[in-house]
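Coordinates as given in model_25.txt (compact mmCIF, C-alpha atoms):
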```txt
# COMPACT_ATOMS: atom_id res chain seq x y z
CA ASN A 1 14.11 17.92 -3.55
CA ALA A 2 16.74 15.73 -1.94
CA GLY A 3 15.80 12.13 -1.39
CA VAL A 4 15.94 10.18 1.84
CA MET A 5 19.41 10.47 3.34
CA GLN A 6 21.10 7.95 5.57
CA ASN A 7 24.44 8.02 7.28
CA PRO A 8 26.81 6.52 7.67
CA ARG A 9 26.65 4.37 4.56
CA HIS A 10 28.97 1.82 6.07
CA LEU A 11 29.56 1.19 9.76
CA VAL A 12 31.95 -1.28 11.35
CA ARG A 13 31.61 -2.11 15.02
CA ARG A 14 33.12 -4.67 17.34
CA ARG A 15 30.92 -6.90 19.43
CA GLY A 16 29.61 -5.03 22.47
CA GLN A 17 29.87 -1.56 20.94
CA GLU A 18 26.98 0.72 20.09
CA ALA A 19 25.77 1.53 16.59
CA ARG A 20 23.86 4.72 15.72
CA LEU A 21 22.19 4.94 12.35
CA ARG A 22 20.69 8.19 11.10
CA CYS A 23 17.93 8.86 8.64
CA SER A 24 16.78 12.21 7.29
CA PRO A 25 13.45 11.86 5.50
CA MET A 26 12.54 13.65 2.31
CA LYS A 27 11.57 17.27 2.76
CA GLY A 28 7.96 17.50 3.85
CA HIS A 29 7.81 13.89 5.02
CA SER A 30 6.92 13.29 8.64
CA HIS A 31 6.64 9.50 8.63
CA VAL A 32 9.70 7.27 8.91
CA TYR A 33 9.99 3.50 8.66
CA TRP A 34 13.05 1.36 9.43
CA TYR A 35 13.65 -1.98 7.74
CA ARG A 36 16.42 -4.54 8.11
CA GLN A 37 17.76 -6.65 5.28
CA LEU A 38 19.95 -9.63 6.00
CA PRO A 39 22.26 -10.80 3.19
CA GLU A 40 20.36 -12.53 0.38
CA GLU A 41 17.03 -11.91 2.12
CA GLY A 42 14.07 -9.57 1.90
CA LEU A 43 13.36 -6.50 3.96
CA LYS A 44 11.80 -6.88 7.40
CA PHE A 45 9.85 -4.10 9.06
CA MET A 46 11.30 -2.89 12.34
CA VAL A 47 9.64 0.33 13.47
CA TYR A 48 7.35 3.12 12.25
CA LEU A 49 7.71 6.62 13.70
CA GLN A 50 6.18 10.02 13.33
CA LYS A 51 7.72 13.15 14.77
CA GLU A 52 8.22 12.54 18.51
CA ASN A 53 6.09 9.38 18.42
CA ILE A 54 6.71 5.68 17.96
CA ILE A 55 3.63 4.35 16.19
CA ASP A 56 4.54 0.70 15.70
CA GLU A 57 7.67 -1.04 16.97
CA SER A 58 6.38 -4.56 16.58
CA GLY A 59 9.28 -5.61 14.34
CA MET A 60 12.04 -4.35 16.57
CA PRO A 61 13.75 -6.62 19.11
CA LYS A 62 12.77 -5.64 22.65
CA GLU A 63 16.33 -5.58 23.90
CA ARG A 64 19.28 -3.53 22.68
CA PHE A 65 17.31 -1.76 19.90
CA SER A 66 15.67 1.64 20.17
CA ALA A 67 14.49 4.30 17.75
CA GLU A 68 13.52 7.92 17.91
CA PHE A 69 12.41 10.69 15.61
CA PRO A 70 12.77 13.99 17.47
CA LYS A 71 11.03 17.22 16.66
CA GLU A 72 14.26 18.52 15.16
CA GLY A 73 16.89 16.43 13.43
CA PRO A 74 17.06 12.99 11.89
CA SER A 75 15.51 9.75 13.00
CA ILE A 76 17.99 7.55 14.84
CA LEU A 77 18.09 3.78 15.14
CA ARG A 78 20.32 2.77 18.02
CA ILE A 79 21.68 -0.71 18.61
CA GLN A 80 23.44 -1.28 21.90
CA GLN A 81 25.96 -4.05 22.60
CA VAL A 82 25.99 -5.21 19.00
CA VAL A 83 26.39 -8.88 18.16
CA ARG A 84 27.47 -10.52 14.91
CA GLY A 85 23.84 -11.32 14.07
CA ASP A 86 23.13 -7.58 13.85
CA SER A 87 25.25 -7.39 10.68
CA ALA A 88 22.82 -6.34 7.96
CA ALA A 89 21.73 -3.47 5.77
CA TYR A 90 19.39 -1.08 7.54
CA PHE A 91 17.12 0.96 5.31
CA CYS A 92 14.84 3.77 6.27
CA ALA A 93 11.93 4.99 4.20
CA SER A 94 9.72 8.03 4.47
CA SER A 95 6.27 9.08 3.38
CA PRO A 96 4.54 12.47 3.54
CA ARG A 97 1.47 11.48 5.51
CA GLN A 98 -0.23 8.41 6.84
CA GLY A 99 -2.75 8.46 4.06
CA SER A 100 -0.02 8.37 1.47
CA ASP A 101 1.05 4.79 0.98
CA THR A 102 4.17 5.26 -1.08
CA GLN A 103 7.41 4.92 0.81
CA TYR A 104 10.70 6.18 -0.57
CA PHE A 105 13.85 4.43 0.55
CA GLY A 106 17.22 5.78 1.55
CA PRO A 107 20.51 4.24 0.39
CA GLY A 108 20.87 2.19 3.54
CA THR A 109 23.53 1.73 6.20
CA ARG A 110 25.53 -1.45 5.98
CA LEU A 111 26.49 -2.52 9.48
CA THR A 112 29.27 -5.02 9.95
CA VAL A 113 29.94 -6.41 13.40
CA LEU A 114 33.37 -7.93 13.86
CA GLY B 1 0.04 -12.57 11.13
CA GLU B 2 0.27 -10.82 7.79
CA ASN B 3 2.20 -12.64 5.09
CA VAL B 4 3.28 -12.01 1.51
CA GLU B 5 4.47 -14.91 -0.61
CA GLN B 6 6.46 -14.35 -3.79
CA HIS B 7 7.32 -16.71 -6.64
CA PRO B 8 9.59 -17.65 -8.26
CA SER B 9 12.69 -16.99 -6.19
CA THR B 10 14.88 -16.96 -9.30
CA LEU B 11 13.98 -16.36 -12.91
CA SER B 12 16.17 -16.45 -16.00
CA VAL B 13 14.85 -15.21 -19.34
CA GLN B 14 16.34 -14.47 -22.71
CA GLU B 15 16.65 -10.84 -23.69
CA GLY B 16 13.44 -9.75 -25.37
CA ASP B 17 11.27 -12.32 -23.61
CA SER B 18 8.69 -11.52 -20.93
CA ALA B 19 9.04 -12.08 -17.20
CA VAL B 20 6.23 -12.58 -14.71
CA ILE B 21 6.55 -12.51 -10.93
CA LYS B 22 3.63 -13.38 -8.68
CA CYS B 23 2.71 -12.49 -5.13
CA THR B 24 -0.09 -13.45 -2.79
CA TYR B 25 -1.00 -11.65 0.42
CA SER B 26 -3.02 -12.55 3.48
CA ASP B 27 -4.29 -9.26 4.92
CA SER B 28 -7.62 -8.58 3.21
CA ALA B 29 -7.43 -4.96 4.39
CA SER B 30 -4.37 -4.30 2.21
CA ASN B 31 -5.22 -1.75 -0.46
CA TYR B 32 -1.89 -0.71 -1.94
CA PHE B 33 0.68 -2.91 -3.66
CA PRO B 34 4.09 -1.56 -4.67
CA TRP B 35 6.89 -3.29 -6.55
CA TYR B 36 10.52 -2.46 -5.90
CA LYS B 37 13.65 -3.19 -7.89
CA GLN B 38 16.90 -3.59 -5.99
CA GLU B 39 20.26 -3.78 -7.69
CA LEU B 40 23.22 -5.20 -5.83
CA GLY B 41 24.25 -2.93 -2.96
CA LYS B 42 21.62 -0.32 -3.80
CA ARG B 43 18.39 0.90 -2.28
CA PRO B 44 14.99 -0.56 -3.23
CA GLN B 45 13.52 1.64 -5.95
CA LEU B 46 9.80 1.87 -6.59
CA ILE B 47 9.06 0.85 -10.16
CA ILE B 48 5.27 0.57 -10.18
CA ASP B 49 2.38 0.36 -7.75
CA ILE B 50 -1.32 -0.36 -7.84
CA ARG B 51 -4.25 0.46 -5.61
CA SER B 52 -7.12 -1.84 -4.84
CA ASN B 53 -9.65 0.13 -6.86
CA VAL B 54 -8.02 -0.85 -10.18
CA GLY B 55 -7.21 -4.21 -11.69
CA GLU B 56 -4.27 -3.32 -13.92
CA LYS B 57 -1.72 -0.57 -14.38
CA LYS B 58 0.88 -0.19 -17.08
CA ASP B 59 3.99 1.94 -17.43
CA GLN B 60 5.87 1.32 -20.67
CA ARG B 61 7.33 -2.20 -20.44
CA ILE B 62 6.13 -2.78 -16.91
CA ALA B 63 2.61 -3.72 -15.81
CA VAL B 64 1.01 -4.87 -12.60
CA THR B 65 -2.25 -6.78 -12.26
CA LEU B 66 -4.31 -7.24 -9.12
CA ASN B 67 -6.96 -9.81 -8.23
CA LYS B 68 -8.37 -8.74 -4.88
CA THR B 69 -10.73 -11.68 -4.62
CA ALA B 70 -7.89 -14.16 -4.90
CA LYS B 71 -5.42 -11.87 -3.09
CA HIS B 72 -2.94 -12.09 -5.95
CA PHE B 73 -0.90 -9.44 -7.72
CA SER B 74 1.68 -9.86 -10.43
CA LEU B 75 4.48 -7.93 -12.09
CA HIS B 76 4.89 -8.26 -15.84
CA ILE B 77 7.99 -7.07 -17.68
CA THR B 78 7.91 -7.25 -21.46
CA GLU B 79 10.81 -7.01 -23.92
CA THR B 80 13.29 -7.63 -21.13
CA GLN B 81 16.73 -6.06 -21.33
CA PRO B 82 19.97 -6.92 -19.49
CA GLU B 83 19.55 -3.84 -17.30
CA ASP B 84 16.33 -5.35 -15.96
CA SER B 85 18.51 -7.89 -14.12
CA ALA B 86 18.02 -7.27 -10.38
CA VAL B 87 16.07 -8.51 -7.39
CA TYR B 88 12.40 -7.57 -7.43
CA PHE B 89 10.29 -7.32 -4.28
CA CYS B 90 6.56 -7.06 -3.92
CA ALA B 91 5.02 -5.59 -0.78
CA ALA B 92 1.69 -5.01 0.87
CA PRO B 93 0.86 -2.86 3.89
CA GLY B 94 -0.05 -4.82 6.97
CA GLY B 95 -1.34 -4.18 10.41
CA GLY B 96 -3.26 -1.07 9.48
CA THR B 97 -0.26 1.21 9.91
CA TYR B 98 1.23 1.14 6.40
CA LYS B 99 4.26 -0.87 7.43
CA TYR B 100 5.21 -2.93 4.40
CA ILE B 101 5.27 -6.69 4.48
CA PHE B 102 7.75 -7.65 1.77
CA GLY B 103 7.89 -10.76 -0.33
CA THR B 104 11.08 -12.77 -0.25
CA GLY B 105 12.27 -11.41 -3.58
CA THR B 106 12.80 -12.70 -7.11
CA ARG B 107 16.26 -12.64 -8.64
CA LEU B 108 15.71 -11.88 -12.31
CA LYS B 109 18.51 -12.56 -14.76
CA VAL B 110 18.13 -11.43 -18.34
CA LEU B 111 20.49 -13.31 -20.63
CA ALA B 112 21.89 -11.37 -23.56
```
Go ahead and render the structure in this file as structure tokens.
Amino acid sequence: NAGVMQNPRHLVRRRGQEARLRCSPMKGHSHVYWYRQLPEEGLKFMVYLQKENIIDESGMPKERFSAEFPKEGPSILRIQQVVRGDSAAYFCASSPRQGSDTQYFGPGTRLTVL
Amino acid sequence: GENVEQHPSTLSVQEGDSAVIKCTYSDSASNYFPWYKQELGKRPQLIIDIRSNVGEKKDQRIAVTLNKTAKHFSLHITETQPEDSAVYFCAAPGGGTYKYIFGTGTRLKVLA
């Protein structure tokens, strides 16, 4: 059973460009969580999605950030018009059902904004 | 809002000694408490977890204790080894939707 997959692992963007981060949950998992980790800091919750639904986006900035988890395909975190402050590691995690608390993390995407 | 505090922020121990990391949480509805280990540039890896219906759980050299009344939980590592060196994060679900609120992390260094 493959673990949580994320791609790309490293992404470099110039200010003003768009960044698209992808997350494929573990097989059988229908719940996806995105977290952001700034250098030398802890992980901060951004958004929680189920298939075709955003359940909680309270940690995601209202502007420039969006997330989706379509019926088919990976979950995508999209950052428009990136700024230097968006440079961070973005991790997604998945769990099999809402009643299952354990979240398994992917390897992360390290975004660098030049 | 929900908050998880973690102490200490850094911890150095001699190989073979024990290490203890403590966390407190604010959301009394939290009922699941995982601990993650993160090595430099790697993903957080679950090392142990505990649910609110037990007070202690042990897995070889690692144990976690929970005091629900005081809203404290702690990670105990015995017989530390250099490969235990990493950043350790505690977490608790907040907001009723299983989103994790993470502690700020403890950088553990085991000196050979």
For Thr104 in chain B, find every residue with an atom within 8 Å (counting only C-alpha atoms), except residues of its own chain fewer than 2 positions away, and show them as JSON, numbers by chain. {"A": [41, 42, 43], "B": [5, 6, 9, 89, 102, 106]}
Can you tell me, as a list in words, what residues are no more than 7 Å from Gln50 in chain A when counting only C-alpha atoms, ignoring any on the same chain fewer than 5 positions away? Ser30, His31, Val32, Ile55 and Phe69 of chain A
Pick the closest to Asn31 in chain B from B:His7, B:Arg107, B:Arg43, B:His72: which is it, counting all atoms listed in the file?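 Nearest to Asn31 in chain B: B:His72.
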Measuring atom to atom with all atoms listed in the file, identify which of A:Glu52, A:Gly59, A:Gln103, A:Leu114 is nearest to Tyr36 in chain B. A:Gln103
For CA of Ile79 in chain A and CA of Ser66 in chain A, determine how far apart the two atoms are, in Å to one decimal place. 6.6 Å
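Reported to one decimal place, the separation of CA of Ser12 in chain B from CA of Ala63 in chain B is 18.6 Å.
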With a distance cut-off of 10 Å and all atoms listed in the file, select the neighbouring residues of Ala70 in chain B, excluding the residue or stretch itself and same-chain residues fewer than 3 positions from it, and output the selection as number ranges by chain. B: 24-26, 28, 66-67, 73
Compile a residue-level contact table for chain A against chain B at a cut-off of 10 Å, reporting for every qualifying residue the shortest atom pair and its distance in Å to one decimal, with only C-alpha atoms counted, rows ordered by chain and ascending number, as CSV.
```
residue,atom,partner,partner_atom,distance
A:Val32,CA,B:Lys99,CA,9.9
A:Tyr33,CA,B:Lys99,CA,7.3
A:Trp34,CA,B:Lys99,CA,9.3
A:Tyr35,CA,B:Tyr100,CA,9.1
A:Glu40,CA,B:Gly105,CA,9.1
A:Glu41,CA,B:Thr104,CA,6.5
A:Gly42,CA,B:Thr104,CA,4.9
A:Leu43,CA,B:Phe102,CA,6.1
A:Lys44,CA,B:Phe102,CA,7.0
A:Phe45,CA,B:Lys99,CA,6.7
A:Met46,CA,B:Lys99,CA,8.8
A:Val47,CA,B:Lys99,CA,8.2
A:Tyr48,CA,B:Lys99,CA,7.0
A:Ile55,CA,B:Thr97,CA,8.0
A:Asp56,CA,B:Thr97,CA,7.5
A:Ser58,CA,B:Gly95,CA,9.9
A:Gly59,CA,B:Lys99,CA,9.8
A:Ala89,CA,B:Gly41,CA,9.1
A:Phe91,CA,B:Arg43,CA,7.7
A:Cys92,CA,B:Arg43,CA,9.7
A:Ala93,CA,B:Pro44,CA,9.8
A:Ser95,CA,B:Tyr98,CA,9.9
A:Gln98,CA,B:Tyr98,CA,7.4
A:Gly99,CA,B:Tyr98,CA,8.7
A:Ser100,CA,B:Tyr98,CA,8.8
A:Asp101,CA,B:Tyr98,CA,6.5
A:Thr102,CA,B:Pro34,CA,7.7
A:Gln103,CA,B:Leu46,CA,8.4
A:Tyr104,CA,B:Leu46,CA,7.5
A:Phe105,CA,B:Pro44,CA,6.4
A:Gly106,CA,B:Arg43,CA,6.3
A:Pro107,CA,B:Arg43,CA,4.8
A:Gly108,CA,B:Arg43,CA,6.5
A:Thr109,CA,B:Arg43,CA,10.0
A:Arg110,CA,B:Gly41,CA,9.2
```
Using all atoms listed in the file, which residues sit within 8 Å of range 80-86 of chain B once same-chain residues fewer than 5 positions away are excluded, as a ChimeraX atom specification? /B:13-19,37-40,107-112
Distance in Å - CA of Thr78 in chain B versus CA of Asn3 in chain B: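 Rounded to one decimal, the two atoms are 27.7 Å apart.
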Out of B:Thr10, B:Asn53, B:Thr69, B:Gln60, which residue has the shortest atom-to-atom distance to Asp27 in chain B when counting all atoms listed in the file?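 Closest to Asp27 in chain B of all the choices is B:Thr69.
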Tell me, as a PyMOL selection string, which residues lie within 6 Å of range 7-23 of chain A, counting all atoms listed in the file; anything in the same chain fewer than 3 positions away does not count. chain A and resi 74-83+109-114
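Checking B:Ile50, B:Asp59, B:Leu75, B:Pro8 one by one against Val20 in chain B, counting all atoms listed in the file, you find the shortest gap at B:Leu75.
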